[in-house]
Amino acid sequence: MSAQRLRFAVMVVATMLALTPGSALSLSVPDTLPLNSQGKLYESFQFDHARHIKLTRECSGCHHHTAGTLVEDPNCIRCHRNSGENKVVRCRGCHLADPFSAASLREKNSNPNMYHLDKPGLKGAMHQNCIGCHKKVAKAPIGCTECHKRKKAGDAFYSAGNFAPRGKPGKDEH
Amino acid sequence: MKRRDFLKVCLAGGATATMGGLCGKAWGSSSFEGYPDGMGVLVDTTRCIGCRSCEAACNKEQKMPVPEVPFDNTSVFDETRRTDENALTVVNRYPSKESGPVYRKQQCNHCNEPACLTSCFVNAYTKTKEGAVIYNSKVCVGCRNCMIACPFNMPGYSYSSAFNPVVKKCIFCYDTRLKYGKPPACVDICPQEALTFGHRKDLLKLAHERIRETPDRYYDHVYGEKEVGGTSWLYISNISPDQLGMDNTLGNEPIISNVKDFLGTVPMVLTIWPALFTGIHLLATRNKDHHDDHANHSGQEDDQP
């Protein structure tokens, strides 16, 4: 094989490897993930990661820029044109659990060059991401208890279930 | 009295009145843009899914009684509700042809120049430097002037209490959270982060930035930025405010502007006018014989020669 052909072959293989999603390259991508393990009102539940990979086929659909092909959103591209995948892929790597505490607000205000001031907290990011896509897809759960069941504390909080006011059962419960 | 003297007195009185006017502090009220560290909340109705967790959180935080209907019940959206003594915040559903139903949370907007505070003659309301408009229920006499004054009709009244009824409204969770720099219970619980907590000045920038980055998603107006002098709770949505039950005829003047001109002159009038008119009266009657004033003359003149 001539040098030129060899170089071409190497480039083809390298491009194929670069474009292959992580799961095909057998990076450690979990099949299921426990979510809401810190939940006080709702139970934790197993998120079917493998199923979502099969359904979406594109990591950046959920993980925006931390994994998969670069997103095409013009608001992102204008700065992140050459950004690659992130080292930290999981949501909580960037999205804070407590985005409105005094400490978080102080940190946000301390850096005048920080662009992403509108970054949602972890709870908001997960719900917006999941429900946002589920609303467009048929048969996807969008009700609160369709994804995570309520704990007893949750029932008390919402005055629902066993804590519902007597004689007035709720209609159209989630 | 000579005409010249009368004119001199009026000129002097007029000059004093103008001096009193210039010293009036009330004239500065329509330029108050909130305390510099005032907090606020940005309500993004494009994110709200109508789960009513905020109502549940408020109910628990403010120790309200168990509601008539559970908080996960969505049939309540069939009618438009208002805040009352047991529901300091409610979420209502509004139809929209463009996007399907839109949910909007409503509660006291914690105005920069609150109308309730303006109307309260026992000074039960306070605008704190954190931005919350709180009230002292012990001082409240239950006159309900604030309910009439509020342009958003937010204060509720405990009609159910016969002997100690008071006005009740959202207090921004001041006693339990805001005082310590924490966000209110509704913001904390919202799963979709439809409520964003921060300094009012930053939230205005954030709201305009959201509209700028995704103009197809939003109607270009931040409700509460200027309405009635500005409010701490701001709203952005995909449809115009009037389609969400928000009054867009309020104008940007705070409610106090309707009364401050009249009320601002009261102290001056009560001091100057008595002095002025006494002076005029004395000048007018200085050459008259005052001896016969206030005396009962019936029958006495017959005795004079």
# chains A, B, ... in the order shown; residues from 1 in each chain; ligands from 1

call {"tool": "select_by_dssp", "arguments": {"residues": "segment 113-217 of chain B", "states": "strand (DSSP E)", "output": "ChimeraX atom specification"}}
result
/B:125-127,133-135,156-157,167-168,195-199

call {"tool": "closest_atom_pairs", "arguments": {"of": "chain A", "to": "chain B", "cutoff": "9 Å", "atoms": "only C-alpha atoms", "output": "JSON lines"}}
result
{"residue": "A:Asn75", "atom": "CA", "partner": "B:Glu213", "partner_atom": "CA", "distance": 6.9}
{"residue": "A:Asp98", "atom": "CA", "partner": "B:Asp188", "partner_atom": "CA", "distance": 8.6}
{"residue": "A:Pro99", "atom": "CA", "partner": "B:Phe197", "partner_atom": "CA", "distance": 8.9}
{"residue": "A:Phe100", "atom": "CA", "partner": "B:Phe197", "partner_atom": "CA", "distance": 6.2}
{"residue": "A:Ser101", "atom": "CA", "partner": "B:Lys182", "partner_atom": "CA", "distance": 5.7}
{"residue": "A:Ala102", "atom": "CA", "partner": "B:Gly181", "partner_atom": "CA", "distance": 5.6}
{"residue": "A:Leu105", "atom": "CA", "partner": "B:Gly198", "partner_atom": "CA", "distance": 7.1}
{"residue": "A:Leu117", "atom": "CA", "partner": "B:Leu206", "partner_atom": "CA", "distance": 7.8}
{"residue": "A:Asp118", "atom": "CA", "partner": "B:Leu206", "partner_atom": "CA", "distance": 6.9}
{"residue": "A:Pro120", "atom": "CA", "partner": "B:Glu193", "partner_atom": "CA", "distance": 7.0}
{"residue": "A:Gly121", "atom": "CA", "partner": "B:Glu193", "partner_atom": "CA", "distance": 7.7}
{"residue": "A:Lys123", "atom": "CA", "partner": "B:Pro191", "partner_atom": "CA", "distance": 5.9}
{"residue": "A:Gly124", "atom": "CA", "partner": "B:Gln192", "partner_atom": "CA", "distance": 4.5}
{"residue": "A:Ala125", "atom": "CA", "partner": "B:Gln192", "partner_atom": "CA", "distance": 7.4}
{"residue": "A:Met126", "atom": "CA", "partner": "B:Gln192", "partner_atom": "CA", "distance": 8.2}
{"residue": "A:His127", "atom": "CA", "partner": "B:Gln192", "partner_atom": "CA", "distance": 5.5}
{"residue": "A:Gln128", "atom": "CA", "partner": "B:Gln192", "partner_atom": "CA", "distance": 5.7}
{"residue": "A:Ile131", "atom": "CA", "partner": "B:Gln192", "partner_atom": "CA", "distance": 8.8}
{"residue": "A:Gly143", "atom": "CA", "partner": "B:Cys51", "partner_atom": "CA", "distance": 8.5}
{"residue": "A:Cys144", "atom": "CA", "partner": "B:Cys51", "partner_atom": "CA", "distance": 7.7}
{"residue": "A:Phe157", "atom": "CA", "partner": "B:Ala56", "partner_atom": "CA", "distance": 6.4}
{"residue": "A:Tyr158", "atom": "CA", "partner": "B:Phe71", "partner_atom": "CA", "distance": 4.9}
{"residue": "A:Ser159", "atom": "CA", "partner": "B:Pro70", "partner_atom": "CA", "distance": 5.0}
{"residue": "A:Ala160", "atom": "CA", "partner": "B:Pro70", "partner_atom": "CA", "distance": 5.0}
{"residue": "A:Gly161", "atom": "CA", "partner": "B:Pro70", "partner_atom": "CA", "distance": 8.4}
{"residue": "A:Phe163", "atom": "CA", "partner": "B:Pro70", "partner_atom": "CA", "distance": 8.5}
{"residue": "A:Ala164", "atom": "CA", "partner": "B:Pro70", "partner_atom": "CA", "distance": 5.8}
{"residue": "A:Pro165", "atom": "CA", "partner": "B:Glu68", "partner_atom": "CA", "distance": 6.3}
{"residue": "A:Arg166", "atom": "CA", "partner": "B:Glu68", "partner_atom": "CA", "distance": 8.8}
{"residue": "A:Lys168", "atom": "CA", "partner": "B:Val69", "partner_atom": "CA", "distance": 6.7}
{"residue": "A:Pro169", "atom": "CA", "partner": "B:Val69", "partner_atom": "CA", "distance": 7.6}
{"residue": "A:Gly170", "atom": "CA", "partner": "B:Asn73", "partner_atom": "CA", "distance": 5.6}
{"residue": "A:Lys171", "atom": "CA", "partner": "B:Asn73", "partner_atom": "CA", "distance": 5.9}
{"residue": "A:Asp172", "atom": "CA", "partner": "B:Asn73", "partner_atom": "CA", "distance": 5.9}
{"residue": "A:Glu173", "atom": "CA", "partner": "B:Asn73", "partner_atom": "CA", "distance": 5.1}
{"residue": "A:His174", "atom": "CA", "partner": "B:Asp72", "partner_atom": "CA", "distance": 6.3}

call {"tool": "residues_around", "arguments": {"residues": "Ala153 of chain A", "least_positions_apart": "5", "cutoff": "9 Å", "atoms": "only C-alpha atoms", "output": "MDAnalysis selection string"}}
result
chainID A and resid 40:42 158

call {"tool": "residues_around", "arguments": {"residues": "Cys120 of chain B", "least_positions_apart": "5", "cutoff": "12 Å", "atoms": "only C-alpha atoms", "output": "PyMOL selection string"}}
result
chain B and resi 114-115+125-126+135-136+139-150+167+256

call {"tool": "write_last_selection", "arguments": {"atoms": "C-alpha atoms", "output": "PDB file, in the first residue's frame"}}
result
ATOM      1  CA  PRO B 114     -46.569  48.931  47.908  1.00  0.00           C
ATOM      2  CA  ALA B 115     -50.110  50.226  47.663  1.00  0.00           C
ATOM      3  CA  TYR B 125     -46.889  47.017  56.576  1.00  0.00           C
ATOM      4  CA  THR B 126     -43.120  47.257  56.188  1.00  0.00           C
ATOM      5  CA  TYR B 135     -47.175  42.955  57.866  1.00  0.00           C
ATOM      6  CA  ASN B 136     -47.639  43.005  61.595  1.00  0.00           C
ATOM      7  CA  VAL B 139     -51.309  46.061  64.703  1.00  0.00           C
ATOM      8  CA  CYS B 140     -53.770  45.308  61.913  1.00  0.00           C
ATOM      9  CA  VAL B 141     -57.279  46.577  62.673  1.00  0.00           C
ATOM     10  CA  GLY B 142     -58.912  44.653  59.833  1.00  0.00           C
ATOM     11  CA  CYS B 143     -60.151  47.706  57.951  1.00  0.00           C
ATOM     12  CA  ARG B 144     -59.241  46.033  54.639  1.00  0.00           C
ATOM     13  CA  ASN B 145     -58.176  49.264  52.934  1.00  0.00           C
ATOM     14  CA  CYS B 146     -55.122  47.387  51.694  1.00  0.00           C
ATOM     15  CA  MET B 147     -57.321  44.858  49.930  1.00  0.00           C
ATOM     16  CA  ILE B 148     -58.929  47.704  48.009  1.00  0.00           C
ATOM     17  CA  ALA B 149     -55.627  49.468  47.365  1.00  0.00           C
ATOM     18  CA  CYS B 150     -53.696  46.483  46.045  1.00  0.00           C
ATOM     19  CA  VAL B 167     -55.286  40.440  56.562  1.00  0.00           C
ATOM     20  CA  ILE B 256     -48.740  56.379  46.146  1.00  0.00           C
TER      21      ILE B 256
END

call {"tool": "atom_distance", "arguments": {"atom1": "atom CA of Pro241 of chain B", "atom2": "atom CA of Gly50 of chain B"}}
result
17.6 Å

call {"tool": "residues_around", "arguments": {"residues": "segment 270-278 of chain B", "least_positions_apart": "4", "cutoff": "9 Å", "atoms": "only C-alpha atoms", "output": "ChimeraX atom specification"}}
result
/B:9-10,12-13,16-17,265-266,282-283

call {"tool": "write_last_selection", "arguments": {"atoms": "N, CA and C atoms", "output": "compact mmCIF listing (two decimals), in the first residue's frame"}}
result
# COMPACT_ATOMS: atom_id res chain seq x y z
N VAL B 9 -49.24 90.47 52.72
CA VAL B 9 -49.40 89.28 53.56
C VAL B 9 -49.54 88.03 52.69
N CYS B 10 -50.33 88.13 51.61
CA CYS B 10 -50.53 86.96 50.74
C CYS B 10 -49.23 86.53 50.09
N ALA B 12 -46.20 86.97 51.26
CA ALA B 12 -45.36 86.33 52.28
C ALA B 12 -45.84 84.91 52.54
N GLY B 13 -47.17 84.76 52.62
CA GLY B 13 -47.72 83.42 52.86
C GLY B 13 -47.42 82.47 51.72
N THR B 16 -43.81 81.28 51.82
CA THR B 16 -43.59 80.25 52.85
C THR B 16 -44.12 78.90 52.39
N ALA B 17 -45.28 78.94 51.70
CA ALA B 17 -45.87 77.69 51.23
C ALA B 17 -44.95 76.99 50.25
N THR B 265 -49.13 68.14 51.12
CA THR B 265 -49.37 69.55 51.47
C THR B 265 -50.05 69.69 52.83
N VAL B 266 -50.56 68.59 53.38
CA VAL B 266 -51.33 68.70 54.64
C VAL B 266 -50.53 69.32 55.79
N LEU B 282 -56.09 89.95 61.88
CA LEU B 282 -55.62 90.98 62.80
C LEU B 282 -55.35 92.28 62.05
N LEU B 283 -54.75 92.16 60.89
CA LEU B 283 -54.48 93.35 60.08
C LEU B 283 -55.77 94.04 59.68

call {"tool": "atom_distance", "arguments": {"atom1": "atom CA of Pro254 of chain B", "atom2": "atom CA of Tyr223 of chain B"}}
result
14.4 Å
